[in-house]
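**Student:** Just entry_12.txt, nothing more (compact mmCIF, C-alpha atoms and all ligand atoms):
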```
# COMPACT_ATOMS: atom_id res chain seq x y z
CA MET G 20 9.07 -7.29 -21.25
CA ARG G 21 10.76 -8.22 -17.97
CA ILE G 22 9.15 -6.17 -15.21
CA GLY G 23 10.26 -5.90 -11.58
CA ILE G 24 7.67 -4.69 -9.10
CA LEU G 25 8.86 -3.46 -5.73
CA GLY G 26 6.00 -3.97 -3.30
CA THR G 27 3.69 -6.72 -2.11
CA GLY G 28 0.73 -4.53 -1.10
CA MET G 29 -2.51 -3.88 -2.93
CA VAL G 30 -0.77 -1.90 -5.69
CA GLY G 31 2.05 -4.38 -6.21
CA LYS G 32 -0.42 -7.25 -6.49
CA ALA G 33 -2.83 -5.40 -8.80
CA VAL G 34 -0.10 -4.20 -11.15
CA ALA G 35 1.71 -7.56 -11.12
CA ALA G 36 -1.44 -9.52 -11.94
CA ARG G 37 -2.39 -7.16 -14.76
CA LEU G 38 1.06 -7.12 -16.32
CA ALA G 39 1.45 -10.89 -16.06
CA GLY G 40 -1.95 -11.17 -17.76
CA LEU G 41 -0.47 -9.12 -20.61
CA ASP G 42 2.29 -11.76 -20.93
CA HIS G 43 5.05 -9.74 -19.32
CA GLU G 44 7.59 -11.59 -17.15
CA VAL G 45 6.85 -10.27 -13.69
CA LEU G 46 8.94 -10.63 -10.55
CA VAL G 47 7.62 -9.01 -7.37
CA GLY G 48 10.14 -7.86 -4.76
CA THR G 49 9.81 -7.78 -0.98
CA ARG G 50 12.22 -7.25 1.94
CA ASP G 51 12.30 -10.90 2.99
CA PRO G 52 10.59 -13.40 0.66
CA ALA G 53 10.46 -16.15 3.31
CA ALA G 54 8.84 -13.80 5.84
CA THR G 55 6.35 -12.55 3.24
CA LEU G 56 5.37 -16.13 2.35
CA ALA G 57 5.08 -17.05 6.03
CA ARG G 58 2.47 -14.34 6.75
CA GLU G 59 -0.81 -15.96 7.69
CA GLU G 60 -2.88 -12.90 8.57
CA PRO G 61 -5.01 -11.07 5.96
CA ASP G 62 -3.65 -7.75 4.67
CA ARG G 63 -4.95 -4.45 6.06
CA TYR G 64 -7.87 -4.50 3.60
CA GLY G 65 -8.89 -8.00 4.71
CA ASN G 66 -7.53 -9.75 1.60
CA PRO G 67 -5.91 -13.19 1.98
CA PRO G 68 -2.19 -13.29 2.79
CA PHE G 69 0.37 -12.81 0.00
CA ARG G 70 1.13 -16.56 -0.25
CA VAL G 71 -2.48 -17.30 -1.20
CA TRP G 72 -2.44 -14.53 -3.82
CA LEU G 73 0.83 -15.88 -5.24
CA GLU G 74 -0.62 -19.39 -5.51
CA GLN G 75 -3.49 -17.89 -7.51
CA HIS G 76 -0.97 -16.18 -9.84
CA PRO G 77 1.56 -18.89 -10.71
CA ASP G 78 2.96 -16.79 -13.57
CA VAL G 79 4.24 -14.17 -11.06
CA LYS G 80 7.55 -14.80 -9.27
CA LEU G 81 8.60 -13.53 -5.84
CA GLY G 82 12.09 -12.46 -4.76
CA GLY G 83 13.94 -9.83 -2.79
CA PHE G 84 13.84 -6.15 -3.78
CA ALA G 85 17.25 -6.60 -5.43
CA ASP G 86 16.05 -9.65 -7.40
CA ALA G 87 13.08 -7.68 -8.74
CA ALA G 88 15.22 -4.68 -9.63
CA ALA G 89 17.84 -6.84 -11.37
CA HIS G 90 15.14 -8.74 -13.27
CA GLY G 91 13.19 -5.76 -14.60
CA GLU G 92 13.81 -3.76 -17.74
CA LEU G 93 10.95 -1.68 -16.35
CA LEU G 94 10.59 -1.24 -12.58
CA VAL G 95 7.54 -0.20 -10.57
CA ASN G 96 7.88 1.39 -7.14
CA ALA G 97 4.82 0.19 -5.23
CA THR G 98 6.29 0.44 -1.74
CA ALA G 99 4.98 2.49 1.19
CA GLY G 100 6.06 6.01 0.19
CA GLU G 101 7.55 6.82 3.57
CA ALA G 102 9.88 3.80 3.10
CA SER G 103 10.42 3.95 -0.67
CA LEU G 104 13.97 5.33 -0.48
CA ASP G 105 14.92 2.51 1.93
CA ALA G 106 13.28 -0.06 -0.34
CA LEU G 107 15.13 1.31 -3.38
CA ARG G 108 18.43 1.23 -1.49
CA LEU G 109 17.74 -2.45 -0.76
CA ALA G 110 16.99 -2.90 -4.47
CA GLY G 111 20.53 -1.69 -5.14
CA GLU G 112 21.53 1.46 -6.98
CA ALA G 113 23.34 -0.52 -9.70
CA ASN G 114 20.14 -2.44 -10.44
CA LEU G 115 18.31 0.84 -11.12
CA ASP G 116 20.91 2.16 -13.53
CA GLY G 117 19.28 3.30 -16.77
CA LYS G 118 15.98 1.61 -15.87
CA VAL G 119 12.58 3.23 -16.27
CA LEU G 120 11.14 3.47 -12.76
CA LEU G 121 7.39 3.97 -12.63
CA ASP G 122 6.74 5.53 -9.23
CA VAL G 123 3.21 4.96 -7.97
CA ALA G 124 3.94 5.77 -4.32
CA ASN G 125 2.61 8.49 -2.03
CA ALA G 126 4.61 9.37 1.10
CA LEU G 127 2.14 9.79 3.93
CA ASP G 128 2.40 10.96 7.51
CA TYR G 129 0.05 8.97 9.77
CA SER G 130 1.56 10.35 12.98
CA ARG G 131 -1.32 12.78 13.54
CA GLY G 132 -4.00 10.20 12.86
CA MET G 133 -6.38 9.82 9.94
CA PRO G 134 -6.58 11.08 7.32
CA PRO G 135 -2.81 11.12 6.70
CA THR G 136 -1.11 14.19 5.27
CA PRO G 137 1.55 14.23 2.52
CA LEU G 138 5.02 13.80 4.02
CA VAL G 139 6.54 15.79 1.17
CA SER G 140 4.72 18.71 -0.38
CA THR G 141 4.65 22.05 -2.18
CA THR G 142 8.31 22.53 -3.06
CA ASP G 143 9.37 18.89 -3.37
CA SER G 144 7.89 15.44 -4.02
CA LEU G 145 8.70 11.81 -3.37
CA GLY G 146 9.21 11.31 -7.10
CA GLU G 147 11.88 14.01 -7.17
CA ARG G 148 13.51 12.67 -4.00
CA ILE G 149 13.78 9.27 -5.65
CA GLN G 150 15.22 10.83 -8.80
CA ARG G 151 17.80 12.80 -6.79
CA ALA G 152 18.79 9.75 -4.73
CA PHE G 153 19.09 7.55 -7.84
CA PRO G 154 20.08 9.91 -10.67
CA ALA G 155 20.72 7.09 -13.15
CA ALA G 156 17.14 5.80 -12.84
CA ARG G 157 14.54 7.29 -15.20
CA VAL G 158 11.67 8.13 -12.87
CA VAL G 159 8.14 8.53 -14.21
CA LYS G 160 5.35 9.39 -11.80
CA ALA G 161 1.89 8.07 -12.65
CA LEU G 162 -1.15 6.23 -11.30
CA ASN G 163 -0.73 7.54 -7.72
CA THR G 164 -3.97 9.55 -7.86
CA MET G 165 -6.43 6.63 -7.75
CA SER G 166 -7.13 3.27 -6.16
CA ALA G 167 -5.06 0.29 -7.27
CA LEU G 168 -8.25 -1.28 -8.59
CA VAL G 169 -8.76 1.62 -10.99
CA MET G 170 -5.08 1.89 -12.03
CA VAL G 171 -4.94 -1.38 -13.88
CA ASN G 172 -8.45 -1.55 -15.28
CA PRO G 173 -9.74 1.95 -16.06
CA ARG G 174 -12.44 0.69 -18.44
CA GLN G 175 -14.45 -0.66 -15.50
CA LEU G 176 -15.32 2.97 -14.59
CA ALA G 177 -17.29 5.19 -17.02
CA ASP G 178 -15.97 3.09 -19.92
CA GLY G 179 -12.51 4.54 -19.26
CA ASP G 180 -13.61 8.16 -19.75
CA HIS G 181 -11.42 9.60 -16.96
CA THR G 182 -7.88 10.80 -16.49
CA VAL G 183 -4.42 9.60 -15.48
CA PHE G 184 -1.43 11.96 -15.20
CA VAL G 185 2.18 11.21 -16.11
CA CYS G 186 5.26 13.32 -15.50
CA GLY G 187 8.99 12.79 -15.67
CA ASP G 188 12.18 14.33 -16.95
CA ASP G 189 13.05 11.56 -19.45
CA ALA G 190 10.86 11.75 -22.57
CA GLU G 191 11.63 8.20 -23.70
CA ALA G 192 10.82 6.77 -20.28
CA LYS G 193 7.57 8.71 -20.19
CA ALA G 194 6.66 7.43 -23.66
CA LEU G 195 7.24 3.83 -22.54
CA VAL G 196 5.00 4.28 -19.48
CA THR G 197 2.35 6.11 -21.51
CA GLY G 198 2.29 3.24 -24.02
CA LEU G 199 1.86 0.73 -21.22
CA LEU G 200 -0.98 2.74 -19.68
CA ALA G 201 -2.79 3.23 -22.98
CA ASP G 202 -2.15 -0.01 -24.86
CA GLY G 203 -1.71 -2.30 -21.86
CA PHE G 204 -4.07 -1.07 -19.16
CA GLY G 205 -6.57 0.63 -21.50
CA TRP G 206 -6.26 4.27 -20.42
CA ARG G 207 -7.93 6.62 -22.93
CA ASP G 208 -6.95 9.97 -21.36
CA VAL G 209 -3.28 10.14 -20.35
CA ILE G 210 -2.23 13.74 -19.65
CA ASP G 211 1.49 14.54 -19.74
CA LEU G 212 2.09 17.23 -17.11
CA GLY G 213 5.72 17.74 -18.12
CA GLY G 214 8.77 17.31 -15.92
CA LEU G 215 8.97 15.36 -12.68
CA SER G 216 8.36 18.47 -10.58
CA ALA G 217 4.69 18.05 -11.55
CA ALA G 218 4.70 15.19 -9.01
CA ARG G 219 4.46 17.93 -6.34
CA GLY G 220 0.93 18.47 -7.58
CA THR G 221 -0.12 14.89 -8.28
CA GLU G 222 1.15 13.68 -4.89
CA MET G 223 -0.94 16.40 -3.24
CA VAL G 224 -4.08 15.04 -4.89
CA LEU G 225 -4.15 12.38 -2.19
CA PRO G 226 -5.74 14.49 0.57
CA VAL G 227 -8.65 15.25 -1.78
CA TRP G 228 -8.80 11.59 -2.79
CA ARG G 229 -9.00 10.49 0.87
CA ARG G 230 -11.83 12.94 1.55
CA LEU G 231 -13.70 11.71 -1.52
CA TRP G 232 -13.30 8.12 -0.35
CA GLY G 233 -14.88 9.14 2.95
CA ALA G 234 -17.70 11.00 1.23
CA LEU G 235 -18.44 8.36 -1.42
CA GLN G 236 -17.70 5.34 0.82
CA VAL G 237 -16.21 3.43 -2.14
CA PRO G 238 -12.71 3.61 -3.68
CA MET G 239 -13.96 3.05 -7.23
CA PHE G 240 -13.87 6.62 -8.55
CA ASN G 241 -11.46 8.86 -10.39
CA PHE G 242 -10.91 12.38 -11.64
CA LYS G 243 -11.84 13.42 -15.18
CA VAL G 244 -10.35 16.52 -16.77
CA VAL G 245 -12.97 18.07 -19.03
CA ARG G 246 -11.78 20.29 -21.87
N1 LIG Y 301 -3.44 1.15 -2.14
C1 LIG Y 301 -3.80 1.94 -3.14
O1 LIG Y 301 -4.88 1.77 -3.73
C2 LIG Y 301 -2.87 3.05 -3.58
C3 LIG Y 301 -3.30 3.97 -4.53
C4 LIG Y 301 -2.42 4.96 -4.99
C5 LIG Y 301 -1.12 4.99 -4.52
N2 LIG Y 301 -0.74 4.10 -3.56
C6 LIG Y 301 0.64 4.13 -3.09
O2 LIG Y 301 1.28 2.94 -3.60
C7 LIG Y 301 2.23 2.45 -2.64
C8 LIG Y 301 1.89 1.01 -2.28
O3 LIG Y 301 0.66 0.98 -1.60
P1 LIG Y 301 0.04 -0.40 -1.09
O4 LIG Y 301 -1.26 -0.06 -0.46
O5 LIG Y 301 0.07 -1.39 -2.20
O6 LIG Y 301 1.08 -0.97 -0.03
P2 LIG Y 301 1.80 -0.36 1.26
O7 LIG Y 301 1.30 -1.10 2.44
O8 LIG Y 301 1.72 1.13 1.28
O9 LIG Y 301 3.33 -0.78 0.99
C9 LIG Y 301 3.68 -2.11 1.03
C10 LIG Y 301 5.10 -2.31 0.58
O10 LIG Y 301 5.99 -1.37 1.23
C11 LIG Y 301 7.12 -2.11 1.71
N3 LIG Y 301 7.66 -1.50 2.93
C12 LIG Y 301 6.96 -1.10 4.03
N4 LIG Y 301 7.81 -0.63 4.97
C13 LIG Y 301 9.05 -0.76 4.46
C14 LIG Y 301 10.35 -0.46 4.96
N5 LIG Y 301 10.53 0.07 6.18
N6 LIG Y 301 11.41 -0.70 4.16
C15 LIG Y 301 11.24 -1.21 2.92
N7 LIG Y 301 10.03 -1.54 2.40
C16 LIG Y 301 8.96 -1.30 3.16
C17 LIG Y 301 6.56 -3.47 2.05
O11 LIG Y 301 7.63 -4.41 2.05
P3 LIG Y 301 7.39 -5.96 2.37
O12 LIG Y 301 6.90 -6.55 1.08
O13 LIG Y 301 8.72 -6.43 2.76
O14 LIG Y 301 6.36 -6.03 3.46
C18 LIG Y 301 5.58 -3.71 0.93
O15 LIG Y 301 6.19 -4.29 -0.18
C19 LIG Y 301 2.16 3.40 -1.44
O16 LIG Y 301 3.18 4.35 -1.55
C20 LIG Y 301 0.79 4.06 -1.57
O17 LIG Y 301 0.75 5.36 -1.00
C21 LIG Y 301 -1.57 3.13 -3.09
```
Please rewrite the model in this file as C-alpha cells.
Ligand SMILES: NC(=O)c1ccc[n+]([C@@H]2O[C@H](COP(=O)([O-])OP(=O)(O)OC[C@H]3O[C@@H](n4cnc5c(N)ncnc54)[C@H](OP(=O)(O)O)[C@@H]3O)[C@@H](O)[C@H]2O)c1

**Tutor:**
Amino acid sequence: MRIGILGTGMVGKAVAARLAGLDHEVLVGTRDPAATLAREEPDRYGNPPFRVWLEQHPDVKLGGFADAAAHGELLVNATAGEASLDALRLAGEANLDGKVLLDVANALDYSRGMPPTPLVSTTDSLGERIQRAFPAARVVKALNTMSALVMVNPRQLADGDHTVFVCGDDAEAKALVTGLLADGFGWRDVIDLGGLSAARGTEMVLPVWRRLWGALQVPMFNFKVVR
C-alpha cells in the first residue's frame, strides 16, 4: 500500500521504518524537506538527525506534507498535536479526501512546565477536531497511548499480551487500521472503543502515561486490559 506519514519525529520514523519493512511504499512528510535534511543537531531524545536516519532507511522517501498526503492511500498523522491542524492544512484538504487518516497525535500544553497537560479534554479531542476540520477524511485514533517504540513492535513487551485502543466513526477505515495493527505490527489485543468521541478518553491517558514514565524510568511499558 502507498502510505504517507506526516511527521519526522520519533513516531514518524518508527512507523515509517516498520511499514517500509512490511513492503509498503512510504513517503514521510515535513514542512520543509531541505530544512529537515539540513538539520545537524540530534533530536530531543538524542537520536541522530533525520538525514542520518533517512540514509539508514533508503526505502523511505521524504517530501513536503502535501507530497506525503498526495502519495498515501493511508495517511498517518504523527505531527506535534498542538500543530496537527496546521500540518494537515499544509498537507492540503483535497489530498485528505476519502483517505483513512490514522491519528497518533496528542495535543499537549507545555506552557505550565512539565509534565504537560492535554490541550483538549473531557468534551472534545484532537481526533474529533481533525475530523471536523477535514470532514472528508476518515479519521481513526489509535496508538497514542504508548511510546513509539511499543507502537510498532508490541511483541517485544510481554510477548504482545497488552492492549491498543482504536476508535473512529468510519467502520471500514477502522477495519483497515485494525488489520494493519494486528497483521502488520503484531498486536494481539486491539479493543474497538466505538466512535471517534472515544478519543476524549484515550487522549487523556497521556497524563497517566507521563507519570508512569517518571515512576518506572523507562518508556517500554503499556496498559493491559484484563477481562
Ligand atoms: N514520541 C512518542 O513516543 C509518542 C507516543 C504517543 C503519541 N505521540 C504523539 O505523536 C505525535 C508525534 O510525536 P513525535 O515525538 O514523533 O514528534 P513531535 O516532536 O511531537 O512532532 C514532530 C512533527 O511535528 C511537526 N510540527 C511541529 N510544529 C509544527 C508546526 N508549527 N506546523 C506544522 N508541523 C509542525 C514537525 O514538522 P517538521 O518535520 O517540519 O519539523 C514534525 O514533523 C505527537 O502528537 C505526540 O504527542 C508521541

**Student:** Ligand LIG 301 (chain Y): which residues are within 6 Å, counting all atoms listed in the file, as a VMD selection string?

**Tutor:** chain G and resid 26 to 31 49 to 51 97 to 100 102 105 to 106 123 to 126 163 to 167

**Student:** Could you save those same residues with C-alpha atoms as a compact mmCIF listing (two decimals), in the frame of the given file?

**Tutor:**
```txt
# COMPACT_ATOMS: atom_id res chain seq x y z
CA GLY G 26 6.00 -3.97 -3.30
CA THR G 27 3.69 -6.72 -2.11
CA GLY G 28 0.73 -4.53 -1.10
CA MET G 29 -2.51 -3.88 -2.93
CA VAL G 30 -0.77 -1.90 -5.69
CA GLY G 31 2.05 -4.38 -6.21
CA THR G 49 9.81 -7.78 -0.98
CA ARG G 50 12.22 -7.25 1.94
CA ASP G 51 12.30 -10.90 2.99
CA ALA G 97 4.82 0.19 -5.23
CA THR G 98 6.29 0.44 -1.74
CA ALA G 99 4.98 2.49 1.19
CA GLY G 100 6.06 6.01 0.19
CA ALA G 102 9.88 3.80 3.10
CA ASP G 105 14.92 2.51 1.93
CA ALA G 106 13.28 -0.06 -0.34
CA VAL G 123 3.21 4.96 -7.97
CA ALA G 124 3.94 5.77 -4.32
CA ASN G 125 2.61 8.49 -2.03
CA ALA G 126 4.61 9.37 1.10
CA ASN G 163 -0.73 7.54 -7.72
CA THR G 164 -3.97 9.55 -7.86
CA MET G 165 -6.43 6.63 -7.75
CA SER G 166 -7.13 3.27 -6.16
CA ALA G 167 -5.06 0.29 -7.27
```

**Student:** Can you pull out the residues contacting Leu225 of chain G? Cut-off 12 Å, using only C-alpha atoms, and skip same-chain residues under 2 positions away; I want them as a PyMOL selection string.

**Tutor:** chain G and resi 123-128+134-140+162-166+218-223+227-232+241-242

**Student:** Restrict the selected residues to C-alpha atoms and save them as a PDB file, in the frame of the given file.

**Tutor:**
```pdb
ATOM      1  CA  VAL G 123       3.210   4.960  -7.970  1.00  0.00           C
ATOM      2  CA  ALA G 124       3.940   5.770  -4.320  1.00  0.00           C
ATOM      3  CA  ASN G 125       2.610   8.490  -2.030  1.00  0.00           C
ATOM      4  CA  ALA G 126       4.610   9.370   1.100  1.00  0.00           C
ATOM      5  CA  LEU G 127       2.140   9.790   3.930  1.00  0.00           C
ATOM      6  CA  ASP G 128       2.400  10.960   7.510  1.00  0.00           C
ATOM      7  CA  PRO G 134      -6.580  11.080   7.320  1.00  0.00           C
ATOM      8  CA  PRO G 135      -2.810  11.120   6.700  1.00  0.00           C
ATOM      9  CA  THR G 136      -1.110  14.190   5.270  1.00  0.00           C
ATOM     10  CA  PRO G 137       1.550  14.230   2.520  1.00  0.00           C
ATOM     11  CA  LEU G 138       5.020  13.800   4.020  1.00  0.00           C
ATOM     12  CA  VAL G 139       6.540  15.790   1.170  1.00  0.00           C
ATOM     13  CA  SER G 140       4.720  18.710  -0.380  1.00  0.00           C
ATOM     14  CA  LEU G 162      -1.150   6.230 -11.300  1.00  0.00           C
ATOM     15  CA  ASN G 163      -0.730   7.540  -7.720  1.00  0.00           C
ATOM     16  CA  THR G 164      -3.970   9.550  -7.860  1.00  0.00           C
ATOM     17  CA  MET G 165      -6.430   6.630  -7.750  1.00  0.00           C
ATOM     18  CA  SER G 166      -7.130   3.270  -6.160  1.00  0.00           C
ATOM     19  CA  ALA G 218       4.700  15.190  -9.010  1.00  0.00           C
ATOM     20  CA  ARG G 219       4.460  17.930  -6.340  1.00  0.00           C
ATOM     21  CA  GLY G 220       0.930  18.470  -7.580  1.00  0.00           C
ATOM     22  CA  THR G 221      -0.120  14.890  -8.280  1.00  0.00           C
ATOM     23  CA  GLU G 222       1.150  13.680  -4.890  1.00  0.00           C
ATOM     24  CA  MET G 223      -0.940  16.400  -3.240  1.00  0.00           C
ATOM     25  CA  VAL G 227      -8.650  15.250  -1.780  1.00  0.00           C
ATOM     26  CA  TRP G 228      -8.800  11.590  -2.790  1.00  0.00           C
ATOM     27  CA  ARG G 229      -9.000  10.490   0.870  1.00  0.00           C
ATOM     28  CA  ARG G 230     -11.830  12.940   1.550  1.00  0.00           C
ATOM     29  CA  LEU G 231     -13.700  11.710  -1.520  1.00  0.00           C
ATOM     30  CA  TRP G 232     -13.300   8.120  -0.350  1.00  0.00           C
ATOM     31  CA  ASN G 241     -11.460   8.860 -10.390  1.00  0.00           C
ATOM     32  CA  PHE G 242     -10.910  12.380 -11.640  1.00  0.00           C
TER      33      PHE G 242
END
```

**Student:** Using only C-alpha atoms, list the residues that have an atom at most 10 Å from (12.0, -10.1, -1.5), coordinates as in the file, as a ChimeraX atom specification.

**Tutor:** /G:25-27,46-56,81-87,109-110

**Student:** Which residue, G:Pro77, G:Pro238, G:Gly179, G:Pro226, has the smallest gap to Val209 of chain G when you use all atoms listed in the file?

**Tutor:**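 Smallest separation from Val209 of chain G among the options: G:Gly179.
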
**Student:** Record the distance separating atom CA of Ala234 of chain G and atom CA of Ala33 of chain G, expressed in Å with one decimal.

**Tutor:**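 Separation of atom CA of Ala234 of chain G and atom CA of Ala33 of chain G: 24.3 Å.
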
**Student:** Give me, please, the distance in Å between atom CA of Leu104 of chain G and atom CA of Lys160 of chain G, quoted to one decimal.

**Tutor:**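 The value is 14.8 Å.
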
**Student:** Smallest atom-to-atom distance to Met20 of chain G: which of G:Pro154, G:Gly213, G:Gly91, G:Gly146, using only C-alpha atoms?

**Tutor:**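 Result for the nearest residue to Met20 of chain G: G:Gly91.
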
**Student:** Between atom CA of Met133 of chain G and atom CA of Pro61 of chain G, what distance in Å does the model show, to one decimal?

**Tutor:**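 These atoms are spaced 21.3 Å apart.
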
**Student:** Which residues are near Glu44 of chain G? Cut-off 8 Å, all atoms listed in the file, ignore same chain within fewer than 4 positions. Put them as a ChimeraX atom specification.

**Tutor:** /G:20-22,38-39,78-79

**Student:** Compile the contact shell of Arg157 of chain G as a compact mmCIF listing (two decimals) with C-alpha atoms, in the coordinates of the input: residues with an atom at most 9 Å away, counting only C-alpha atoms, same-chain residues fewer than 2 positions apart removed.

**Tutor:**
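Once everything was written out, this is part.txt:
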```txt
# COMPACT_ATOMS: atom_id res chain seq x y z
CA LEU G 115 18.31 0.84 -11.12
CA ASP G 116 20.91 2.16 -13.53
CA GLY G 117 19.28 3.30 -16.77
CA LYS G 118 15.98 1.61 -15.87
CA VAL G 119 12.58 3.23 -16.27
CA LEU G 120 11.14 3.47 -12.76
CA LEU G 121 7.39 3.97 -12.63
CA GLN G 150 15.22 10.83 -8.80
CA PHE G 153 19.09 7.55 -7.84
CA PRO G 154 20.08 9.91 -10.67
CA ALA G 155 20.72 7.09 -13.15
CA VAL G 159 8.14 8.53 -14.21
CA GLY G 187 8.99 12.79 -15.67
CA ASP G 188 12.18 14.33 -16.95
CA ASP G 189 13.05 11.56 -19.45
CA ALA G 192 10.82 6.77 -20.28
CA LYS G 193 7.57 8.71 -20.19
```

**Student:** List the neighbours of Ile210 of chain G out to 7 Å using all atoms listed in the file; skip same-chain residues closer than 2 positions along the sequence, and give me the result as a PyMOL selection string.

**Tutor:** chain G and resi 183-185+208+212

**Student:** Which residue, G:Val224, G:Ala36, G:Leu235, G:Ala89, has the smallest gap to Val171 of chain G when you use all atoms listed in the file?

**Tutor:**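 Comparing G:Val224, G:Ala36, G:Leu235, G:Ala89 against Val171 of chain G, the winner is G:Ala36.
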
**Student:** May I ask which of the residues G:Asn114, G:Ser216, G:Gln175, G:Gln236 is the closest one to Ser144 of chain G, counting all atoms listed in the file?

**Tutor:**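 Closest candidate: G:Ser216.
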
**Student:** Go through G:Leu93, G:Leu200, G:Leu176, G:Ala194 one by one, measure the shortest atom-to-atom distance of each to Arg37 of chain G using only C-alpha atoms, and give the residue with the smallest value.

**Tutor:**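 Smallest distance to Arg37 of chain G is found for G:Leu200.
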
**Student:** For Lys243 of chain G, which of G:Ala177, G:Ala201, G:Ala190, G:Val34 is the closest residue, counting all atoms listed in the file?

**Tutor:** G:Ala177
